[in-house]
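Since the structure comes first, as structure tokens, the remarks are kept for the end.
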Amino acid sequence: MFGYIMPEKPELKIKEFDIYRAYYCGVCKAIGKRHGQLKRMTLTYDAAFLAMLLCSLLKIETRLVKERCMVHPLKKSFVTYNEIVDYSSDINIILAYNNIKDKWTDDKSKAALAGMAVLSREYKKLVLEYSGKCAIIEQRLSELSRLEREGCASLDAAAEPFAKLMEEVLDYESLEDDIRQVLRWMGYNIGKWIYLIDAFDDLEEDVKNSSYNPLLLHFKYDGSGEDIPAFKDRIKSQVEFTLLYCLREASKAFELLDAKENKGILENILYIGMLSKTDKILCRRSCGNCEKSV
């Protein structure tokens, strides 16, 4: 359910792309140093976005250095180091563990069990450091699991726990209360967008595996006389309305923030990247001919 928050790279300036990659690489290296090299495989674009967003609102000492990476050992790249990058690396591990735990609960897959084993020790340490935040994240995922077991057919109700989860992820205690409230509303709408875009993206797989998907229940898909492409085409406009509303609200929240750094990159992610991701998933997944025009 993670990895959707990313920039539209062709629209970034060369300098902006280098800065974005410096944050992405910074979070990746912070995961390796703080939690072990194997855990770097859990890195998502979402963690890089979180680091950039919070850094744009805080005045903190930042190091920008050129280093080699084990993935690209022949070329040095810029890497950002600061306390927010470290925080984002911790949040990445917290979310990765809970995401894998959720998959184990749903599917009982051996891969998920192995992933939990790899991350469990680090997660226990992070629970001690971020006890309140981890408790809320676990509570929201527990609520989500309950709604799935009950077969909740309301899109708003089904998306609420994950929206509240992302609300907590974007909140940062060192910021002033009014800024934190704006960030929480921004996180809420991003979380709702992620949950619903992921639900649309997973429709084929969920039908194949007889897995819970609120879209199937809300729009009354019964599998008789209507194939998935036709179903997607039928619900596309209604899903798109909700997704675009979430993006508008997240963008309005961002405009209330006094972003001091990397505003152009963050605007690219919020105004172009996430909108482009919405268009691609809605179009590609509902109509094979659309992919050529994206």
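Identifiers in the structure tokens: chain A, B, ... in order shown; residue index from 1 per chain; ligand index from 1 in order shown.
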
Exercise. Extract the full set of strand (DSSP E) residues from region 41-271 of chain A according to DSSP on the backbone, and format it as a PyMOL selection string.
Key: chain A and resi 63-67+77-81

Output N, CA, C and O atoms for every residue in the selection just made, as a compact mmCIF listing (two decimals), in the first residue's frame.
```
# COMPACT_ATOMS: atom_id res chain seq x y z
N ARG A 63 23.78 18.12 6.18
CA ARG A 63 25.01 17.86 5.42
C ARG A 63 24.64 17.29 4.07
O ARG A 63 23.82 16.38 3.96
N LEU A 64 25.24 17.83 3.03
CA LEU A 64 25.06 17.32 1.67
C LEU A 64 26.42 16.91 1.15
O LEU A 64 27.30 17.75 0.93
N VAL A 65 26.63 15.62 0.98
CA VAL A 65 27.94 15.10 0.58
C VAL A 65 27.79 14.19 -0.64
O VAL A 65 26.70 13.69 -0.93
N LYS A 66 28.89 13.99 -1.34
CA LYS A 66 28.90 13.07 -2.48
C LYS A 66 29.53 11.75 -2.04
O LYS A 66 30.64 11.73 -1.51
N GLU A 67 28.80 10.68 -2.25
CA GLU A 67 29.27 9.36 -1.84
C GLU A 67 28.93 8.31 -2.88
O GLU A 67 28.03 8.50 -3.70
N SER A 77 27.12 10.07 -5.83
CA SER A 77 25.87 10.83 -5.88
C SER A 77 25.73 11.63 -4.59
O SER A 77 26.30 11.28 -3.55
N PHE A 78 24.96 12.71 -4.67
CA PHE A 78 24.72 13.52 -3.48
C PHE A 78 23.85 12.76 -2.50
O PHE A 78 22.91 12.06 -2.87
N VAL A 79 24.16 12.92 -1.20
CA VAL A 79 23.40 12.28 -0.12
C VAL A 79 23.15 13.32 0.96
O VAL A 79 24.05 14.06 1.35
N THR A 80 21.90 13.39 1.44
CA THR A 80 21.52 14.32 2.49
C THR A 80 21.52 13.62 3.84
O THR A 80 20.97 12.53 3.98
N TYR A 81 22.14 14.28 4.84
CA TYR A 81 22.16 13.75 6.20
C TYR A 81 21.63 14.81 7.17
O TYR A 81 22.13 15.94 7.19
```

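For region 180-192 of chain A, the residues within 8 Å (counting only C-alpha atoms, excluding itself and residues fewer than 4 positions away along the chain) are Ala159, Glu160, Phe162, Ala163, Lys164, Leu165, Met166, Glu167, Glu168, Val169, Leu170, Asp171, Tyr172, Glu173, Leu175, Glu176, Leu196, Cys246, Leu247, Glu249, Ala250, Ser251, Ala253, Phe254, Leu256 and Leu257 of chain A.
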
Exercise. Using DSSP on the backbone coordinates, identify all residues within region 12-75 of chain A classified as alpha helix (DSSP H); present the result as number ranges by chain.
Key: A: 14-35, 45-57

Self-check item: Residue neighbourhood Lys277 (chain A), 9 Å, only C-alpha atoms, exclusion window fewer than 5 positions, as a ChimeraX atom specification
Solution: /A:4-6,8,197,272,282

Residues just named, written with N, CA, C and O atoms as a PDB file, in the first residue's frame:
```pdb
ATOM      1  N   TYR A   4       3.438   5.101  -3.648  1.00  0.00           N
ATOM      2  CA  TYR A   4       2.718   5.869  -4.662  1.00  0.00           C
ATOM      3  C   TYR A   4       3.125   7.347  -4.699  1.00  0.00           C
ATOM      4  O   TYR A   4       2.851   8.036  -5.675  1.00  0.00           O
ATOM      5  N   ILE A   5       3.740   7.840  -3.639  1.00  0.00           N
ATOM      6  CA  ILE A   5       4.054   9.274  -3.553  1.00  0.00           C
ATOM      7  C   ILE A   5       5.418   9.531  -4.171  1.00  0.00           C
ATOM      8  O   ILE A   5       6.454   9.383  -3.513  1.00  0.00           O
ATOM      9  N   MET A   6       5.415   9.911  -5.422  1.00  0.00           N
ATOM     10  CA  MET A   6       6.679  10.102  -6.133  1.00  0.00           C
ATOM     11  C   MET A   6       6.572  11.261  -7.112  1.00  0.00           C
ATOM     12  O   MET A   6       5.476  11.639  -7.525  1.00  0.00           O
ATOM     13  N   GLU A   8       7.100  13.494 -10.679  1.00  0.00           N
ATOM     14  CA  GLU A   8       7.076  13.288 -12.122  1.00  0.00           C
ATOM     15  C   GLU A   8       8.454  13.724 -12.614  1.00  0.00           C
ATOM     16  O   GLU A   8       8.711  14.912 -12.843  1.00  0.00           O
ATOM     17  N   ILE A 197      -6.507   4.505  -4.242  1.00  0.00           N
ATOM     18  CA  ILE A 197      -5.786   4.239  -5.494  1.00  0.00           C
ATOM     19  C   ILE A 197      -5.210   2.824  -5.463  1.00  0.00           C
ATOM     20  O   ILE A 197      -5.166   2.128  -6.483  1.00  0.00           O
ATOM     21  N   ILE A 272       1.784  17.294  -9.662  1.00  0.00           N
ATOM     22  CA  ILE A 272       2.004  16.612 -10.942  1.00  0.00           C
ATOM     23  C   ILE A 272       2.183  15.106 -10.734  1.00  0.00           C
ATOM     24  O   ILE A 272       1.496  14.299 -11.361  1.00  0.00           O
ATOM     25  N   LEU A 282      -5.799   4.744 -13.171  1.00  0.00           N
ATOM     26  CA  LEU A 282      -7.196   4.704 -13.590  1.00  0.00           C
ATOM     27  C   LEU A 282      -7.331   4.354 -15.062  1.00  0.00           C
ATOM     28  O   LEU A 282      -8.190   3.568 -15.463  1.00  0.00           O
TER      29      LEU A 282
END
```

Exercise. Could you give me, as a ChimeraX atom specification, the residues within 12 Å of Ile137 (chain A), counting only C-alpha atoms and dropping anything in the same chain fewer than 2 positions from it?
Key: /A:91,94-99,102,127,130-135,139-144,161-170

Quiz item: Using only C-alpha atoms, which of A:Phe231, A:Tyr23, A:Tyr212, A:Tyr87 sits nearest Arg146 (chain A)?
Solution: A:Tyr212

Polymer residues at most 12 Å from Ser174 (chain A), only C-alpha atoms, same-chain spacing of 5 or more positions, as a PDB file with all heavy atoms, in the first residue's frame:
```pdb
ATOM      1  N   LEU A  54       9.191  17.636   5.818  1.00  0.00           N
ATOM      2  CA  LEU A  54       9.505  18.124   7.160  1.00  0.00           C
ATOM      3  C   LEU A  54      10.729  19.031   7.152  1.00  0.00           C
ATOM      4  O   LEU A  54      10.788  20.026   7.882  1.00  0.00           O
ATOM      5  CB  LEU A  54       9.713  16.938   8.108  1.00  0.00           C
ATOM      6  CG  LEU A  54       8.477  16.081   8.389  1.00  0.00           C
ATOM      7  CD1 LEU A  54       8.817  14.953   9.356  1.00  0.00           C
ATOM      8  CD2 LEU A  54       7.330  16.918   8.938  1.00  0.00           C
ATOM      9  N   CYS A  55      11.712  18.715   6.321  1.00  0.00           N
ATOM     10  CA  CYS A  55      12.905  19.566   6.235  1.00  0.00           C
ATOM     11  C   CYS A  55      12.562  20.950   5.689  1.00  0.00           C
ATOM     12  O   CYS A  55      13.227  21.932   6.015  1.00  0.00           O
ATOM     13  CB  CYS A  55      13.967  18.908   5.353  1.00  0.00           C
ATOM     14  SG  CYS A  55      14.859  17.564   6.161  1.00  0.00           S
ATOM     15  N   LEU A  57      10.078  22.629   6.463  1.00  0.00           N
ATOM     16  CA  LEU A  57       9.371  23.382   7.502  1.00  0.00           C
ATOM     17  C   LEU A  57      10.227  23.639   8.732  1.00  0.00           C
ATOM     18  O   LEU A  57       9.827  24.390   9.626  1.00  0.00           O
ATOM     19  CB  LEU A  57       8.112  22.622   7.928  1.00  0.00           C
ATOM     20  CG  LEU A  57       7.109  22.304   6.815  1.00  0.00           C
ATOM     21  CD1 LEU A  57       6.002  21.412   7.344  1.00  0.00           C
ATOM     22  CD2 LEU A  57       6.542  23.576   6.217  1.00  0.00           C
ATOM     23  N   LEU A  58      11.399  23.017   8.795  1.00  0.00           N
ATOM     24  CA  LEU A  58      12.255  23.130   9.968  1.00  0.00           C
ATOM     25  C   LEU A  58      13.627  23.690   9.606  1.00  0.00           C
ATOM     26  O   LEU A  58      14.168  23.379   8.543  1.00  0.00           O
ATOM     27  CB  LEU A  58      12.434  21.745  10.618  1.00  0.00           C
ATOM     28  CG  LEU A  58      11.205  21.151  11.301  1.00  0.00           C
ATOM     29  CD1 LEU A  58      11.372  19.651  11.470  1.00  0.00           C
ATOM     30  CD2 LEU A  58      10.970  21.802  12.657  1.00  0.00           C
ATOM     31  N   LYS A  59      14.172  24.473  10.488  1.00  0.00           N
ATOM     32  CA  LYS A  59      15.537  24.964  10.299  1.00  0.00           C
ATOM     33  C   LYS A  59      16.474  24.033  11.060  1.00  0.00           C
ATOM     34  O   LYS A  59      16.625  24.117  12.275  1.00  0.00           O
ATOM     35  CB  LYS A  59      15.675  26.388  10.824  1.00  0.00           C
ATOM     36  CG  LYS A  59      14.884  27.426  10.040  1.00  0.00           C
ATOM     37  CD  LYS A  59      15.094  28.827  10.594  1.00  0.00           C
ATOM     38  CE  LYS A  59      14.337  29.860   9.782  1.00  0.00           C
ATOM     39  NZ  LYS A  59      14.506  31.239  10.324  1.00  0.00           N
ATOM     40  N   ILE A  60      17.087  23.121  10.336  1.00  0.00           N
ATOM     41  CA  ILE A  60      17.982  22.161  10.966  1.00  0.00           C
ATOM     42  C   ILE A  60      19.281  22.080  10.173  1.00  0.00           C
ATOM     43  O   ILE A  60      19.321  22.377   8.977  1.00  0.00           O
ATOM     44  CB  ILE A  60      17.349  20.756  11.049  1.00  0.00           C
ATOM     45  CG1 ILE A  60      16.944  20.270   9.652  1.00  0.00           C
ATOM     46  CG2 ILE A  60      16.152  20.745  11.976  1.00  0.00           C
ATOM     47  CD1 ILE A  60      16.452  18.850   9.639  1.00  0.00           C
ATOM     48  N   GLU A  83      18.754  15.060  11.021  1.00  0.00           N
ATOM     49  CA  GLU A  83      17.927  14.310  11.969  1.00  0.00           C
ATOM     50  C   GLU A  83      16.567  13.926  11.385  1.00  0.00           C
ATOM     51  O   GLU A  83      15.977  12.895  11.768  1.00  0.00           O
ATOM     52  CB  GLU A  83      17.721  15.129  13.245  1.00  0.00           C
ATOM     53  CG  GLU A  83      16.979  16.445  13.032  1.00  0.00           C
ATOM     54  CD  GLU A  83      16.954  17.298  14.283  1.00  0.00           C
ATOM     55  OE1 GLU A  83      18.014  17.823  14.650  1.00  0.00           O
ATOM     56  OE2 GLU A  83      15.868  17.427  14.879  1.00  0.00           O
ATOM     57  N   ILE A  84      16.063  14.729  10.445  1.00  0.00           N
ATOM     58  CA  ILE A  84      14.783  14.410   9.820  1.00  0.00           C
ATOM     59  C   ILE A  84      14.925  13.211   8.882  1.00  0.00           C
ATOM     60  O   ILE A  84      14.027  12.367   8.792  1.00  0.00           O
ATOM     61  CB  ILE A  84      14.223  15.623   9.058  1.00  0.00           C
ATOM     62  CG1 ILE A  84      13.937  16.769  10.029  1.00  0.00           C
ATOM     63  CG2 ILE A  84      12.955  15.254   8.308  1.00  0.00           C
ATOM     64  CD1 ILE A  84      12.918  16.448  11.088  1.00  0.00           C
ATOM     65  N   ILE A 179       0.886  24.370  12.622  1.00  0.00           N
ATOM     66  CA  ILE A 179       1.508  23.684  11.489  1.00  0.00           C
ATOM     67  C   ILE A 179       1.214  22.191  11.567  1.00  0.00           C
ATOM     68  O   ILE A 179       0.933  21.542  10.545  1.00  0.00           O
ATOM     69  CB  ILE A 179       3.030  23.933  11.468  1.00  0.00           C
ATOM     70  CG1 ILE A 179       3.315  25.423  11.250  1.00  0.00           C
ATOM     71  CG2 ILE A 179       3.704  23.104  10.376  1.00  0.00           C
ATOM     72  CD1 ILE A 179       4.786  25.774  11.292  1.00  0.00           C
ATOM     73  N   ARG A 180       1.252  21.633  12.770  1.00  0.00           N
ATOM     74  CA  ARG A 180       0.972  20.210  12.941  1.00  0.00           C
ATOM     75  C   ARG A 180      -0.446  19.874  12.504  1.00  0.00           C
ATOM     76  O   ARG A 180      -0.690  18.826  11.895  1.00  0.00           O
ATOM     77  CB  ARG A 180       1.192  19.805  14.397  1.00  0.00           C
ATOM     78  CG  ARG A 180       2.648  19.830  14.827  1.00  0.00           C
ATOM     79  CD  ARG A 180       2.799  19.475  16.297  1.00  0.00           C
ATOM     80  NE  ARG A 180       2.381  18.094  16.555  1.00  0.00           N
ATOM     81  CZ  ARG A 180       2.326  17.563  17.773  1.00  0.00           C
ATOM     82  NH1 ARG A 180       2.639  18.300  18.836  1.00  0.00           N
ATOM     83  NH2 ARG A 180       1.949  16.301  17.930  1.00  0.00           N
TER      84      ARG A 180
END
```

Exercise. Considering only C-alpha atoms, state which residue in the set A:Lys260, A:Lys75, A:Lys110, A:Lys232 is at the smallest distance from Ile281 (chain A).
Key: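 Smallest distance to Ile281 (chain A) is found for A:Lys232.
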
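Our summary of the geometry notes that CA of Ile100 (chain A) is positioned 6.6 Å from CA of Gly115 (chain A).
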